[in-house]
$ cat data-v4.txt   # compact mmCIF, C-alpha atoms
# COMPACT_ATOMS: atom_id res chain seq x y z
CA MET A 298 26.11 12.58 -4.51
CA SER A 299 24.35 9.87 -2.46
CA PHE A 300 21.05 10.06 -4.38
CA GLY A 301 20.20 6.60 -5.68
CA LYS A 302 23.05 5.04 -3.67
CA ILE A 303 23.18 2.74 -0.65
CA THR A 304 25.69 4.40 1.67
CA ASP A 305 26.90 3.38 5.12
CA GLU A 306 25.81 6.78 6.44
CA GLU A 307 22.25 6.38 5.17
CA LEU A 308 22.11 2.81 6.48
CA GLU A 309 23.03 4.01 9.99
CA ARG A 310 20.53 6.87 9.78
CA VAL A 311 17.70 4.50 8.84
CA LYS A 312 18.71 2.03 11.57
CA ASN A 313 18.05 4.79 14.11
CA LEU A 314 14.37 4.64 13.09
CA ILE A 315 13.97 1.02 14.23
CA ASP A 316 11.01 0.54 16.62
CA LYS A 317 10.15 4.24 16.66
CA PRO A 318 6.39 4.73 16.14
CA ARG A 319 5.22 6.66 13.07
CA ARG A 320 1.68 8.02 13.41
CA HIS A 321 1.62 10.39 10.46
CA SER A 322 1.61 9.12 6.93
CA SER A 323 4.41 9.85 4.48
CA MET A 324 2.50 8.14 1.67
CA ARG A 325 -1.26 8.57 2.24
CA PRO A 326 -3.50 11.65 2.29
CA PHE A 327 -4.86 10.62 5.71
CA ASP A 328 -3.59 9.49 9.10
CA GLU A 329 -6.75 7.58 10.00
CA ILE A 330 -9.66 6.10 8.06
CA GLN A 331 -13.31 6.69 8.81
CA VAL A 332 -14.99 3.46 7.73
CA THR A 333 -18.07 5.09 6.24
CA GLU A 334 -20.74 3.47 4.10
CA GLU A 335 -19.37 5.41 1.13
CA ILE A 336 -15.80 4.19 1.65
CA VAL A 337 -16.91 0.56 1.97
CA LYS A 338 -19.04 0.83 -1.17
CA ARG A 339 -16.18 2.41 -3.16
CA TYR A 340 -13.77 -0.21 -1.85
CA ALA A 341 -16.08 -3.10 -2.81
CA ILE A 342 -16.58 -1.68 -6.31
CA ALA A 343 -12.84 -1.02 -6.75
CA ILE A 344 -11.94 -4.67 -6.06
CA ALA A 345 -15.15 -5.97 -7.72
CA ASP A 346 -16.22 -7.89 -4.62
CA MET A 347 -19.92 -7.26 -4.09
CA ASN A 348 -20.14 -9.32 -0.90
CA PRO A 349 -23.48 -8.48 0.83
CA LEU A 350 -21.64 -8.44 4.17
CA TYR A 351 -20.10 -5.20 2.87
CA LEU A 352 -23.10 -3.70 1.11
CA ASP A 353 -26.42 -5.00 2.48
CA GLN A 354 -27.30 -3.99 6.04
CA ALA A 355 -30.34 -6.28 6.22
CA TYR A 356 -28.21 -9.25 5.14
CA ALA A 357 -25.34 -8.36 7.50
CA LYS A 358 -27.75 -7.94 10.43
CA GLU A 359 -28.75 -11.60 10.08
CA SER A 360 -25.11 -12.73 10.10
CA LYS A 361 -22.87 -13.31 13.12
CA TYR A 362 -21.51 -9.78 12.64
CA LYS A 363 -24.90 -8.01 13.13
CA ASN A 364 -23.55 -5.10 11.10
CA ARG A 365 -21.83 -4.50 7.78
CA ILE A 366 -18.12 -5.17 7.72
CA CYS A 367 -15.34 -3.70 5.59
CA PRO A 368 -13.10 -5.63 3.17
CA PRO A 369 -10.27 -6.85 5.46
CA GLY A 370 -7.53 -5.66 3.12
CA ILE A 371 -8.17 -2.09 4.27
CA ILE A 372 -5.52 -2.53 6.98
CA THR A 373 -2.82 -2.17 4.29
CA PHE A 374 -3.91 1.44 3.75
CA LEU A 375 -3.06 2.37 7.37
CA GLU A 376 0.67 1.96 6.73
CA LYS A 377 2.55 5.18 7.52
CA ALA A 378 5.87 4.28 5.88
CA ASN A 379 7.36 1.36 3.99
CA GLY A 380 10.49 0.29 2.18
CA ALA A 381 9.60 2.38 -0.86
CA THR A 382 9.51 5.61 1.15
CA ASP A 383 11.70 5.09 4.20
CA GLY A 384 15.25 6.28 3.54
CA PHE A 385 17.70 5.61 0.68
CA PRO A 386 16.30 8.34 -1.58
CA GLY A 387 16.37 7.51 -5.27
CA CYS A 388 16.97 3.78 -4.76
CA HIS A 389 14.67 1.30 -6.44
CA ALA A 390 12.22 -0.60 -4.25
CA ILE A 391 10.83 -4.09 -4.84
CA TRP A 392 8.03 -5.40 -2.66
CA ARG A 393 8.89 -8.95 -1.63
CA GLU A 394 6.39 -10.12 0.98
CA SER A 395 3.40 -9.02 3.03
CA ILE A 396 1.84 -10.59 6.11
CA LEU A 397 -1.67 -9.60 7.15
CA GLU A 398 -3.06 -10.69 10.53
CA TRP A 399 -6.55 -9.94 11.85
CA GLU A 400 -7.74 -9.98 15.46
CA ASN A 401 -11.28 -8.67 14.95
CA PRO A 402 -13.61 -7.78 12.07
CA ILE A 403 -13.76 -4.16 10.91
CA PHE A 404 -17.23 -2.61 11.02
CA VAL A 405 -18.88 0.25 9.19
CA GLY A 406 -18.82 3.25 11.52
CA GLU A 407 -15.43 2.56 13.08
CA THR A 408 -12.36 4.76 12.87
CA LEU A 409 -9.10 2.98 12.05
CA ILE A 410 -5.74 4.24 13.31
CA GLY A 411 -2.42 2.83 12.20
CA VAL A 412 1.01 3.10 13.84
CA THR A 413 3.97 1.91 11.76
CA TYR A 414 7.34 0.67 13.01
CA LEU A 415 10.51 -0.11 11.10
CA ARG A 416 11.42 -3.51 12.55
CA ASP A 417 14.62 -4.33 10.69
CA VAL A 418 17.01 -2.91 8.09
CA ALA A 419 20.08 -4.77 6.91
CA LEU A 420 22.48 -5.14 4.00
CA ILE A 421 21.87 -8.36 2.08
CA PRO A 422 23.66 -10.07 -0.80
CA SER A 423 21.84 -9.72 -4.10
CA GLN A 424 22.79 -11.19 -7.44
CA PHE A 425 19.97 -9.20 -9.03
CA ALA A 426 21.36 -5.88 -7.77
CA GLY A 427 25.04 -6.49 -8.39
CA GLY A 428 25.87 -7.67 -4.87
CA ARG A 429 24.60 -4.79 -2.72
CA ALA A 430 21.03 -4.34 -1.53
CA VAL A 431 19.09 -3.53 1.63
CA LYS A 432 16.15 -5.35 3.20
CA GLN A 433 13.62 -3.25 5.13
CA ASP A 434 10.82 -4.75 7.24
CA HIS A 435 7.93 -2.66 8.56
CA GLU A 436 4.97 -3.50 10.81
CA THR A 437 1.76 -1.50 11.14
CA VAL A 438 -0.55 -2.05 14.12
CA VAL A 439 -4.15 -1.10 13.35
CA THR A 440 -6.61 -0.20 16.13
CA ASN A 441 -10.05 1.39 16.23
CA GLN A 442 -11.14 4.54 18.04
CA ASN A 443 -11.47 2.55 21.29
CA GLY A 444 -7.98 1.10 21.14
CA GLU A 445 -9.18 -2.37 20.11
CA VAL A 446 -6.59 -4.10 17.92
CA LYS A 447 -8.08 -4.92 14.52
CA GLY A 448 -5.02 -6.31 12.83
CA ARG A 449 -1.38 -6.06 11.88
CA TYR A 450 0.23 -5.52 8.51
CA LYS A 451 3.87 -6.44 7.87
CA ALA A 452 5.78 -5.72 4.68
CA SER A 453 9.27 -6.64 3.53
CA TRP A 454 11.03 -4.63 0.80
CA HIS A 455 14.37 -4.83 -1.00
CA ARG A 456 16.15 -1.64 -2.06
CA PHE A 457 18.62 -1.40 -4.95
CA GLU A 458 20.93 1.29 -6.20
CA ARG A 459 19.96 3.00 -9.43
CA GLY A 460 21.57 1.29 -12.40
CA SER A 461 22.62 -1.79 -10.40
CA ALA A 462 19.63 -4.04 -11.12
CA LYS A 463 20.17 -6.42 -14.00
CA LYS A 464 17.33 -6.76 -16.48
CA GLU A 465 16.22 -10.33 -16.12
CA SER A 466 14.56 -12.29 -18.91
CA LYS A 467 11.56 -13.11 -16.69
CA TYR A 468 10.40 -9.50 -17.11
CA LYS A 469 10.66 -9.61 -20.91
CA ARG A 470 7.40 -10.85 -22.37
CA GLU A 471 4.64 -9.76 -24.67
CA LEU A 472 1.61 -8.01 -23.23
CA ALA A 473 -1.60 -10.00 -23.36
CA HIS A 474 -3.94 -9.84 -26.34
CA TYR A 475 -7.42 -11.35 -26.61
CA SER A 476 -9.69 -12.43 -29.43
CA LYS A 477 -13.46 -11.90 -29.42
CA GLU A 478 -13.82 -15.58 -28.52
CA ASP A 479 -11.44 -15.13 -25.57
CA ILE A 480 -13.54 -12.25 -24.24
CA GLU A 481 -16.75 -14.28 -24.56
CA ASN A 482 -15.17 -17.15 -22.61
CA ILE A 483 -14.05 -14.73 -19.90
CA LYS A 484 -17.60 -13.40 -19.60
CA LEU A 485 -18.91 -16.95 -19.19
CA GLU A 486 -16.29 -17.80 -16.57
CA TYR A 487 -17.28 -14.73 -14.52
CA LYS A 488 -20.88 -15.95 -14.43
CA LYS A 489 -19.75 -19.20 -12.78
CA GLU A 490 -18.29 -17.52 -9.68
CA LYS A 491 -19.99 -18.71 -6.47
CA ARG A 492 -20.09 -17.25 -2.98
CA ARG A 493 -20.85 -19.63 -0.10
CA GLY A 494 -22.52 -16.89 1.89
CA SER A 495 -24.62 -17.85 4.91
CA LEU A 496 -24.24 -21.63 4.46
CA PRO A 497 -21.71 -22.63 7.15
CA LEU A 498 -18.53 -24.47 6.22
CA TYR A 499 -17.54 -26.65 9.17
CA TRP A 500 -13.97 -27.50 10.14
CA GLU A 501 -14.85 -31.20 10.18
CA GLU A 502 -16.01 -31.05 6.54
CA VAL A 503 -12.70 -29.83 5.13
CA SER A 504 -10.15 -32.32 3.78
CA VAL A 505 -6.43 -31.80 3.24
CA GLY A 506 -5.69 -31.58 -0.46
CA GLU A 507 -9.04 -30.19 -1.57
CA GLU A 508 -8.96 -27.04 -3.69
CA ILE A 509 -10.99 -23.92 -3.04
CA PRO A 510 -13.02 -22.47 -5.94
CA THR A 511 -10.99 -20.37 -8.35
CA ILE A 512 -12.05 -16.79 -9.04
CA LEU A 513 -11.15 -14.68 -12.04
CA LYS A 514 -9.92 -11.08 -12.18
CA GLY A 515 -9.19 -9.03 -15.27
CA PRO A 516 -8.10 -8.48 -17.88
CA THR A 517 -6.93 -5.37 -16.07
CA THR A 518 -7.44 -2.04 -17.79
CA GLN A 519 -6.56 1.58 -17.11
CA VAL A 520 -10.10 2.13 -15.83
CA SER A 521 -9.92 -0.79 -13.39
CA LYS A 522 -6.60 0.59 -12.13
CA PHE A 523 -8.09 4.06 -11.64
CA ALA A 524 -11.03 2.55 -9.74
CA PHE A 525 -8.65 0.97 -7.24
CA GLU A 526 -6.32 3.93 -6.92
CA SER A 527 -9.22 6.33 -6.25
CA ILE A 528 -10.83 4.52 -3.29
CA PHE A 529 -9.80 7.21 -0.82
CA GLY A 530 -9.63 10.15 -3.21
CA PRO A 531 -6.69 12.44 -4.07
CA GLY A 532 -3.68 13.09 -1.86
CA GLY A 533 -0.21 11.68 -1.34
CA TRP A 534 1.33 11.46 -4.82
CA PHE A 535 -2.10 11.98 -6.43
CA VAL A 536 -2.01 15.77 -6.52
CA GLY A 537 -1.67 18.43 -9.19
CA HIS A 538 -0.99 22.11 -9.79
CA HIS A 539 0.81 23.93 -6.98
CA LEU A 540 0.43 20.94 -4.64
CA ALA A 541 2.50 18.86 -7.05
CA PHE A 542 5.27 21.46 -7.13
CA GLU A 543 5.29 21.66 -3.34
CA LEU A 544 5.61 17.86 -3.24
CA PHE A 545 8.55 17.89 -5.66
CA GLU A 546 10.26 20.69 -3.74
CA LYS A 547 10.07 18.54 -0.62
CA HIS A 548 11.17 15.39 -2.48
CA PRO A 549 13.28 16.57 -5.46
CA GLY A 550 14.19 13.04 -6.52
CA LEU A 551 10.58 11.88 -6.74
CA PRO A 552 9.36 12.99 -10.18
CA PHE A 553 10.43 12.01 -13.65
CA ILE A 554 10.26 14.44 -16.57
CA ASN A 555 7.59 13.34 -19.02
CA GLU A 556 7.62 13.69 -22.83
CA GLN A 557 6.28 17.25 -22.55
CA GLY A 558 9.02 18.35 -20.17
CA ILE A 559 6.76 18.32 -17.11
CA PRO A 560 7.74 16.78 -13.73
CA GLU A 561 5.33 13.97 -12.91
CA PRO A 562 4.99 11.52 -9.98
CA PRO A 563 6.06 7.97 -10.87
CA VAL A 564 2.67 6.38 -10.05
CA ALA A 565 1.73 6.53 -13.74
CA ILE A 566 3.85 3.40 -14.24
CA HIS A 567 0.89 1.49 -12.79
CA TRP A 568 -1.52 2.42 -15.61
CA SER A 569 0.56 3.68 -18.53
CA ASN A 570 2.34 1.12 -20.70
CA GLU A 571 4.29 3.92 -22.37
CA ARG A 572 5.53 5.31 -19.04
CA SER A 573 6.61 1.93 -17.72
CA GLN A 574 8.32 0.96 -20.98
CA LYS A 575 10.15 4.28 -21.32
CA TYR A 576 11.27 4.88 -17.74
CA LEU A 577 11.68 1.33 -16.39
CA GLY A 578 12.25 -0.79 -19.46
CA LEU A 579 9.42 -3.13 -18.45
CA PRO A 580 6.94 -4.62 -20.95
CA GLY A 581 4.13 -2.43 -19.68
CA ALA A 582 2.35 -0.93 -16.67
CA TYR A 583 2.42 -3.20 -13.64
CA ASP A 584 0.25 -3.56 -10.57
CA SER A 585 1.47 -2.75 -7.08
CA GLY A 586 0.35 -6.02 -5.52
CA TYR A 587 -2.34 -4.51 -3.28
CA GLU A 588 -5.04 -5.50 -5.74
CA ARG A 589 -3.86 -9.10 -5.77
CA ILE A 590 -4.01 -9.17 -1.97
CA ASN A 591 -7.66 -8.13 -2.09
CA TRP A 592 -8.50 -10.61 -4.85
CA ILE A 593 -6.96 -13.45 -2.82
CA ILE A 594 -8.94 -12.35 0.24
CA GLN A 595 -12.12 -12.45 -1.86
CA SER A 596 -11.41 -15.98 -3.08
CA ILE A 597 -10.89 -17.18 0.50
CA MET A 598 -14.01 -15.44 1.84
CA ASN A 599 -16.10 -16.83 -1.04
CA TRP A 600 -14.97 -20.32 0.00
CA MET A 601 -15.19 -20.07 3.80
CA GLY A 602 -18.56 -18.30 3.92
CA ASP A 603 -19.93 -15.84 6.45
CA GLU A 604 -19.21 -18.07 9.45
CA GLY A 605 -15.49 -18.32 8.77
CA PHE A 606 -12.85 -15.79 9.84
CA LEU A 607 -9.68 -15.04 7.89
CA LYS A 608 -6.97 -14.96 10.54
CA ARG A 609 -3.70 -14.69 8.63
CA LEU A 610 -2.48 -14.19 5.06
CA VAL A 611 1.09 -14.32 3.76
CA VAL A 612 1.70 -13.09 0.20
CA ARG A 613 4.89 -13.09 -1.86
CA PHE A 614 5.35 -11.54 -5.30
CA PRO A 615 7.70 -13.59 -7.52
CA LYS A 616 6.62 -11.90 -10.77
CA PHE A 617 5.01 -8.75 -12.06
CA ALA A 618 1.44 -8.64 -13.32
CA PHE A 619 1.09 -6.25 -16.24
CA LEU A 620 -1.77 -4.23 -17.68
CA GLY A 621 -4.07 -6.57 -19.60
CA ASP A 622 -3.23 -9.68 -17.60
CA LEU A 623 -5.99 -12.13 -16.68
CA THR A 624 -5.50 -13.40 -13.13
CA ARG A 625 -6.98 -16.50 -11.52
CA CYS A 626 -6.83 -16.87 -7.74
CA HIS A 627 -6.24 -20.44 -6.56
CA GLY A 628 -6.09 -22.16 -3.20
CA ARG A 629 -5.63 -25.60 -1.71
CA VAL A 630 -6.03 -26.98 1.83
CA LYS A 631 -2.60 -28.01 3.08
CA GLY A 632 -3.32 -28.66 6.75
CA LYS A 633 -5.74 -28.56 9.69
CA LYS A 634 -5.07 -27.88 13.35
CA GLU A 635 -6.76 -26.97 16.60
CA VAL A 636 -5.40 -24.10 18.68
CA GLU A 637 -6.98 -22.94 21.95
CA GLY A 638 -10.28 -24.58 21.10
CA LYS A 639 -10.47 -23.16 17.57
CA GLY A 640 -10.49 -25.16 14.37
CA ILE A 641 -7.98 -23.69 11.91
CA VAL A 642 -7.54 -24.60 8.26
CA GLU A 643 -4.21 -23.86 6.58
CA LEU A 644 -4.30 -22.92 2.91
CA GLU A 645 -1.73 -22.69 0.16
CA ILE A 646 -2.67 -19.83 -2.17
CA TRP A 647 -1.39 -18.54 -5.50
CA THR A 648 -2.35 -16.44 -8.51
CA GLN A 649 -1.70 -17.44 -12.10
CA ILE A 650 -2.02 -15.34 -15.25
CA GLN A 651 -3.09 -16.27 -18.77
CA ASN A 652 0.36 -17.44 -19.91
CA GLY A 653 0.79 -19.79 -16.94
CA ASP A 654 3.11 -17.56 -14.88
CA ILE A 655 2.67 -17.72 -11.10
CA THR A 656 2.57 -14.08 -10.01
CA THR A 657 1.73 -14.55 -6.32
CA GLN A 658 2.42 -17.29 -3.78
CA GLY A 659 1.58 -17.60 -0.12
CA GLU A 660 -0.32 -19.14 2.74
CA ALA A 661 -3.43 -18.39 4.77
CA GLU A 662 -5.09 -19.47 8.02
CA VAL A 663 -8.87 -19.54 8.38
CA ILE A 664 -10.89 -20.19 11.53
CA LEU A 665 -13.96 -22.32 10.78
CA PRO A 666 -16.82 -23.22 13.13
CA TYR A 667 -17.22 -26.70 14.58
CA ARG A 668 -20.30 -28.71 13.78
CA LYS A 669 -22.45 -28.61 16.92

$ encode --input "data-v4.txt" --output "structure tokens"
Amino acid sequence: MSFGKITDEELERVKNLIDKPRRHSSMRPFDEIQVTEEIVKRYAIAIADMNPLYLDQAYAKESKYKNRICPPGIITFLEKANGATDGFPGCHAIWRESILEWENPIFVGETLIGVTYLRDVALIPSQFAGGRAVKQDHETVVTNQNGEVKGRYKASWHRFERGSAKKESKYKRELAHYSKEDIENIKLEYKKEKRRGSLPLYWEEVSVGEEIPTILKGPTTQVSKFAFESIFGPGGWFVGHHLAFELFEKHPGLPFINEQGIPEPPVAIHWSNERSQKYLGLPGAYDSGYERINWIIQSIMNWMGDEGFLKRLVVRFPKFAFLGDLTRCHGRVKGKKEVEGKGIVELEIWTQIQNGDITTQGEAEVILPYRK
């Protein structure tokens, strides 16, 4: 009777999880990640970021790192639970904000371990959900095999009862379509992308108000979605045959029944327009936001070069991005400061799709070297 409902009993049960460490994943096929050469290569290809710091050992050896590093967004994959999986079974989940913080670079050959904590859960007013919703905040601390802290990942989710969310007009739009001329222009724009690389960008050289170079991603396709979803291989919801039936027995509210009468995990809404239209009433398949995080990271690293260090990234998701969208990652310097002898540049960041919609907003902090 409580499936898909926000009840006082379930709220109290979830509150009892606050600050209790979770070391085993409820959503990933692994509890730790071996940062192998193969994983880094697959990750780089999946996000289409062929940074030689990830892929070229000879190049990386000449950098300050002295070894290949991994795309920093990998810390999001160490999360053991989040608002979409933690309590309130059957309730809708909307990802509102993520905060990524890095203490140290992540090197090929390391083992990453994540421990996740529920930090807060509370009832909140919501016009979108008919007045009753829950906010859940989680934090994941990521260390390596030696206990060295690599970073922290924080995520805030809103949960809604089934049937309570009002269909807002901002989700009702046509999917993108492109002419042959559009595709040719996209190809030309891709060829203009620049990576600063080994040329240092000094803190003193940066001016408030200047924009960082824009990078392009998309138009997204089913194949590009599969590339991202398959970085770490099958597991979690990506299982079939008897493993799928065992999963549904454990979580009976998880699957939907597809057009052939077969129970199916809901992840298909991220690559199937038909699934998303039929079961959610959305214009088409939508991304989960993790790809946008990695694209934004790429745009910042392209700008700051090998000598910079991305310290902090805050990302909010005001609108969906649907299959076929063309995304441009933007950034602008909004401030500079010095903290404990380090020169920090503050950035405003956002992503914008082909129709002008802002799909992501946030801020970042980058440590840049001083000119000697």

$ closest_atom_pairs --input "data-v4.txt" --of "range 540-642 of chain A" --to "range 512-526 of chain A" --cutoff "9 Å" --atoms "only C-alpha atoms" --output "tab-separated table"
residue	atom	partner	partner_atom	distance
A:His567	CA	A:Lys522	CA	7.6
A:Trp568	CA	A:Gln519	CA	5.3
A:Ser569	CA	A:Gln519	CA	7.6
A:Asp584	CA	A:Lys522	CA	8.2
A:Glu588	CA	A:Phe525	CA	7.6
A:Trp592	CA	A:Lys514	CA	7.5
A:Ile593	CA	A:Ile512	CA	8.7
A:Gln595	CA	A:Ile512	CA	8.4
A:Ser596	CA	A:Ile512	CA	6.0
A:Asn599	CA	A:Ile512	CA	9.0
A:Phe619	CA	A:Thr517	CA	8.1
A:Leu620	CA	A:Thr517	CA	5.5
A:Gly621	CA	A:Thr517	CA	4.7
A:Asp622	CA	A:Pro516	CA	5.0
A:Leu623	CA	A:Pro516	CA	4.4
A:Thr624	CA	A:Lys514	CA	5.1
A:Arg625	CA	A:Leu513	CA	4.6
A:Cys626	CA	A:Ile512	CA	5.4
A:His627	CA	A:Ile512	CA	7.3

$ atom_distance --input "data-v4.txt" --atom1 "CA of Ile336 in chain A" --atom2 "CA of Gln354 in chain A"
14.8 Å

$ residues_near_point --input "data-v4.txt" --point "(-23.5, -3.5, 4.1)" --cutoff "12 Å" --atoms "all atoms listed in the file" --output "compact mmCIF listing (two decimals) with C-alpha atoms, keeping the file's coordinate frame"
# COMPACT_ATOMS: atom_id res chain seq x y z
CA VAL A 332 -14.99 3.46 7.73
CA THR A 333 -18.07 5.09 6.24
CA GLU A 334 -20.74 3.47 4.10
CA GLU A 335 -19.37 5.41 1.13
CA ILE A 336 -15.80 4.19 1.65
CA VAL A 337 -16.91 0.56 1.97
CA LYS A 338 -19.04 0.83 -1.17
CA ARG A 339 -16.18 2.41 -3.16
CA TYR A 340 -13.77 -0.21 -1.85
CA ALA A 341 -16.08 -3.10 -2.81
CA MET A 347 -19.92 -7.26 -4.09
CA ASN A 348 -20.14 -9.32 -0.90
CA PRO A 349 -23.48 -8.48 0.83
CA LEU A 350 -21.64 -8.44 4.17
CA TYR A 351 -20.10 -5.20 2.87
CA LEU A 352 -23.10 -3.70 1.11
CA ASP A 353 -26.42 -5.00 2.48
CA GLN A 354 -27.30 -3.99 6.04
CA ALA A 355 -30.34 -6.28 6.22
CA TYR A 356 -28.21 -9.25 5.14
CA ALA A 357 -25.34 -8.36 7.50
CA LYS A 358 -27.75 -7.94 10.43
CA GLU A 359 -28.75 -11.60 10.08
CA SER A 360 -25.11 -12.73 10.10
CA TYR A 362 -21.51 -9.78 12.64
CA LYS A 363 -24.90 -8.01 13.13
CA ASN A 364 -23.55 -5.10 11.10
CA ARG A 365 -21.83 -4.50 7.78
CA ILE A 366 -18.12 -5.17 7.72
CA CYS A 367 -15.34 -3.70 5.59
CA PRO A 368 -13.10 -5.63 3.17
CA ILE A 403 -13.76 -4.16 10.91
CA PHE A 404 -17.23 -2.61 11.02
CA VAL A 405 -18.88 0.25 9.19
CA GLY A 406 -18.82 3.25 11.52

$ closest_residue --input "data-v4.txt" --among "A:Ile480, A:Leu397, A:Ala381, A:Ala452" --to "Pro563 in chain A" --atoms "only C-alpha atoms"
A:Ala381

$ closest_residue --input "data-v4.txt" --among "A:Gly380, A:Pro615, A:Gly628, A:Gly581" --to "Arg456 in chain A" --atoms "all atoms listed in the file"
A:Gly380

$ residues_around --input "data-v4.txt" --residues "Glu306 in chain A" --least-positions-apart "6" --cutoff "12 Å" --atoms "all atoms listed in the file" --output "VMD selection string"
chain A and resid 299 312 to 313 384 to 385

$ closest_residue --input "data-v4.txt" --among "A:Pro422, A:Ile391, A:Glu458, A:Phe327" --to "Gly530 in chain A" --atoms "all atoms listed in the file"
A:Phe327

$ residues_around --input "data-v4.txt" --residues "range 629-635 of chain A" --least-positions-apart "4" --cutoff "7 Å" --atoms "only C-alpha atoms" --output "list in words"
Val505, Gly506, Glu507, Glu508, Ile509, Lys639, Gly640, Ile641, Val642, Glu643, Leu644, Glu645 and Ile646 of chain A

$ closest_residue --input "data-v4.txt" --among "A:Ile483, A:Pro560, A:Pro386, A:Ile396" --to "Glu543 in chain A" --atoms "all atoms listed in the file"
A:Pro560

$ atom_distance --input "data-v4.txt" --atom1 "CA of Gly558 in chain A" --atom2 "CA of Glu546 in chain A"
16.6 Å

$ closest_residue --input "data-v4.txt" --among "A:Gln433, A:Ser573, A:Ser527, A:Gln331" --to "Ile344 in chain A" --atoms "all atoms listed in the file"
A:Ser527

$ closest_residue --input "data-v4.txt" --among "A:Leu496, A:Met324, A:Ala343, A:Arg310" --to "Leu544 in chain A" --atoms "only C-alpha atoms"
A:Met324

$ atom_distance --input "data-v4.txt" --atom1 "CA of Ala541 in chain A" --atom2 "CA of Ile330 in chain A"
23.2 Å

$ residues_around --input "data-v4.txt" --residues "Asp434 in chain A" --least-positions-apart "6" --cutoff "9 Å" --atoms "all atoms listed in the file" --output "compact mmCIF listing (two decimals) with C-alpha atoms, in the frame of the given file"
# COMPACT_ATOMS: atom_id res chain seq x y z
CA ASN A 379 7.36 1.36 3.99
CA GLY A 380 10.49 0.29 2.18
CA TYR A 414 7.34 0.67 13.01
CA LEU A 415 10.51 -0.11 11.10
CA ARG A 416 11.42 -3.51 12.55
CA ASP A 417 14.62 -4.33 10.69
CA VAL A 418 17.01 -2.91 8.09
CA LYS A 451 3.87 -6.44 7.87
CA ALA A 452 5.78 -5.72 4.68
CA SER A 453 9.27 -6.64 3.53
CA TRP A 454 11.03 -4.63 0.80
CA HIS A 455 14.37 -4.83 -1.00

$ axis_aligned_box --input "data-v4.txt" --around "range 412-420 of chain A" --padding-each-side "3 Å" --output "lines of an AutoDock Vina configuration file"
center_x = 11.7
center_y = -1.0
center_z = 8.9
size_x = 27.5
size_y = 14.2
size_z = 15.8

$ residues_around --input "data-v4.txt" --residues "Glu556 in chain A" --least-positions-apart "5" --cutoff "12 Å" --atoms "all atoms listed in the file" --output "compact mmCIF listing (two decimals) with C-alpha atoms, in the frame of the given file"
# COMPACT_ATOMS: atom_id res chain seq x y z
CA GLU A 561 5.33 13.97 -12.91
CA GLU A 571 4.29 3.92 -22.37
CA ARG A 572 5.53 5.31 -19.04
CA LYS A 575 10.15 4.28 -21.32
CA TYR A 576 11.27 4.88 -17.74

$ build_atoms --input "data-v4.txt" --residues "range 414-425 of chain A" --atoms "N, CA and C atoms" --output "short mmCIF file (atom, residue, chain, number, x, y, z; two decimals), in the frame of the given file"
data_model
loop_
_atom_site.label_atom_id
_atom_site.label_comp_id
_atom_site.auth_asym_id
_atom_site.auth_seq_id
_atom_site.Cartn_x
_atom_site.Cartn_y
_atom_site.Cartn_z
N TYR A 414 6.00 0.80 12.45
CA TYR A 414 7.34 0.67 13.01
C TYR A 414 8.26 0.04 11.97
N LEU A 415 9.46 0.59 11.83
CA LEU A 415 10.51 -0.11 11.10
C LEU A 415 11.07 -1.17 12.05
N ARG A 416 10.97 -2.43 11.66
CA ARG A 416 11.42 -3.51 12.55
C ARG A 416 12.84 -3.98 12.25
N ASP A 417 13.27 -3.86 11.00
CA ASP A 417 14.62 -4.33 10.69
C ASP A 417 15.09 -3.67 9.39
N VAL A 418 16.38 -3.38 9.32
CA VAL A 418 17.01 -2.91 8.09
C VAL A 418 18.42 -3.49 8.08
N ALA A 419 18.79 -4.10 6.95
CA ALA A 419 20.08 -4.77 6.91
C ALA A 419 20.56 -4.90 5.47
N LEU A 420 21.88 -4.84 5.30
CA LEU A 420 22.48 -5.14 4.00
C LEU A 420 22.33 -6.62 3.71
N ILE A 421 22.02 -6.96 2.47
CA ILE A 421 21.87 -8.36 2.08
C ILE A 421 22.58 -8.58 0.75
N PRO A 422 23.07 -9.78 0.51
CA PRO A 422 23.66 -10.07 -0.80
C PRO A 422 22.56 -10.15 -1.84
N SER A 423 22.84 -9.70 -3.04
CA SER A 423 21.84 -9.72 -4.10
C SER A 423 22.50 -9.86 -5.45
N GLN A 424 22.29 -10.99 -6.09
CA GLN A 424 22.79 -11.19 -7.44
C GLN A 424 22.07 -10.26 -8.41
N PHE A 425 20.78 -10.05 -8.16
CA PHE A 425 19.97 -9.20 -9.03
C PHE A 425 20.49 -7.76 -9.04
#
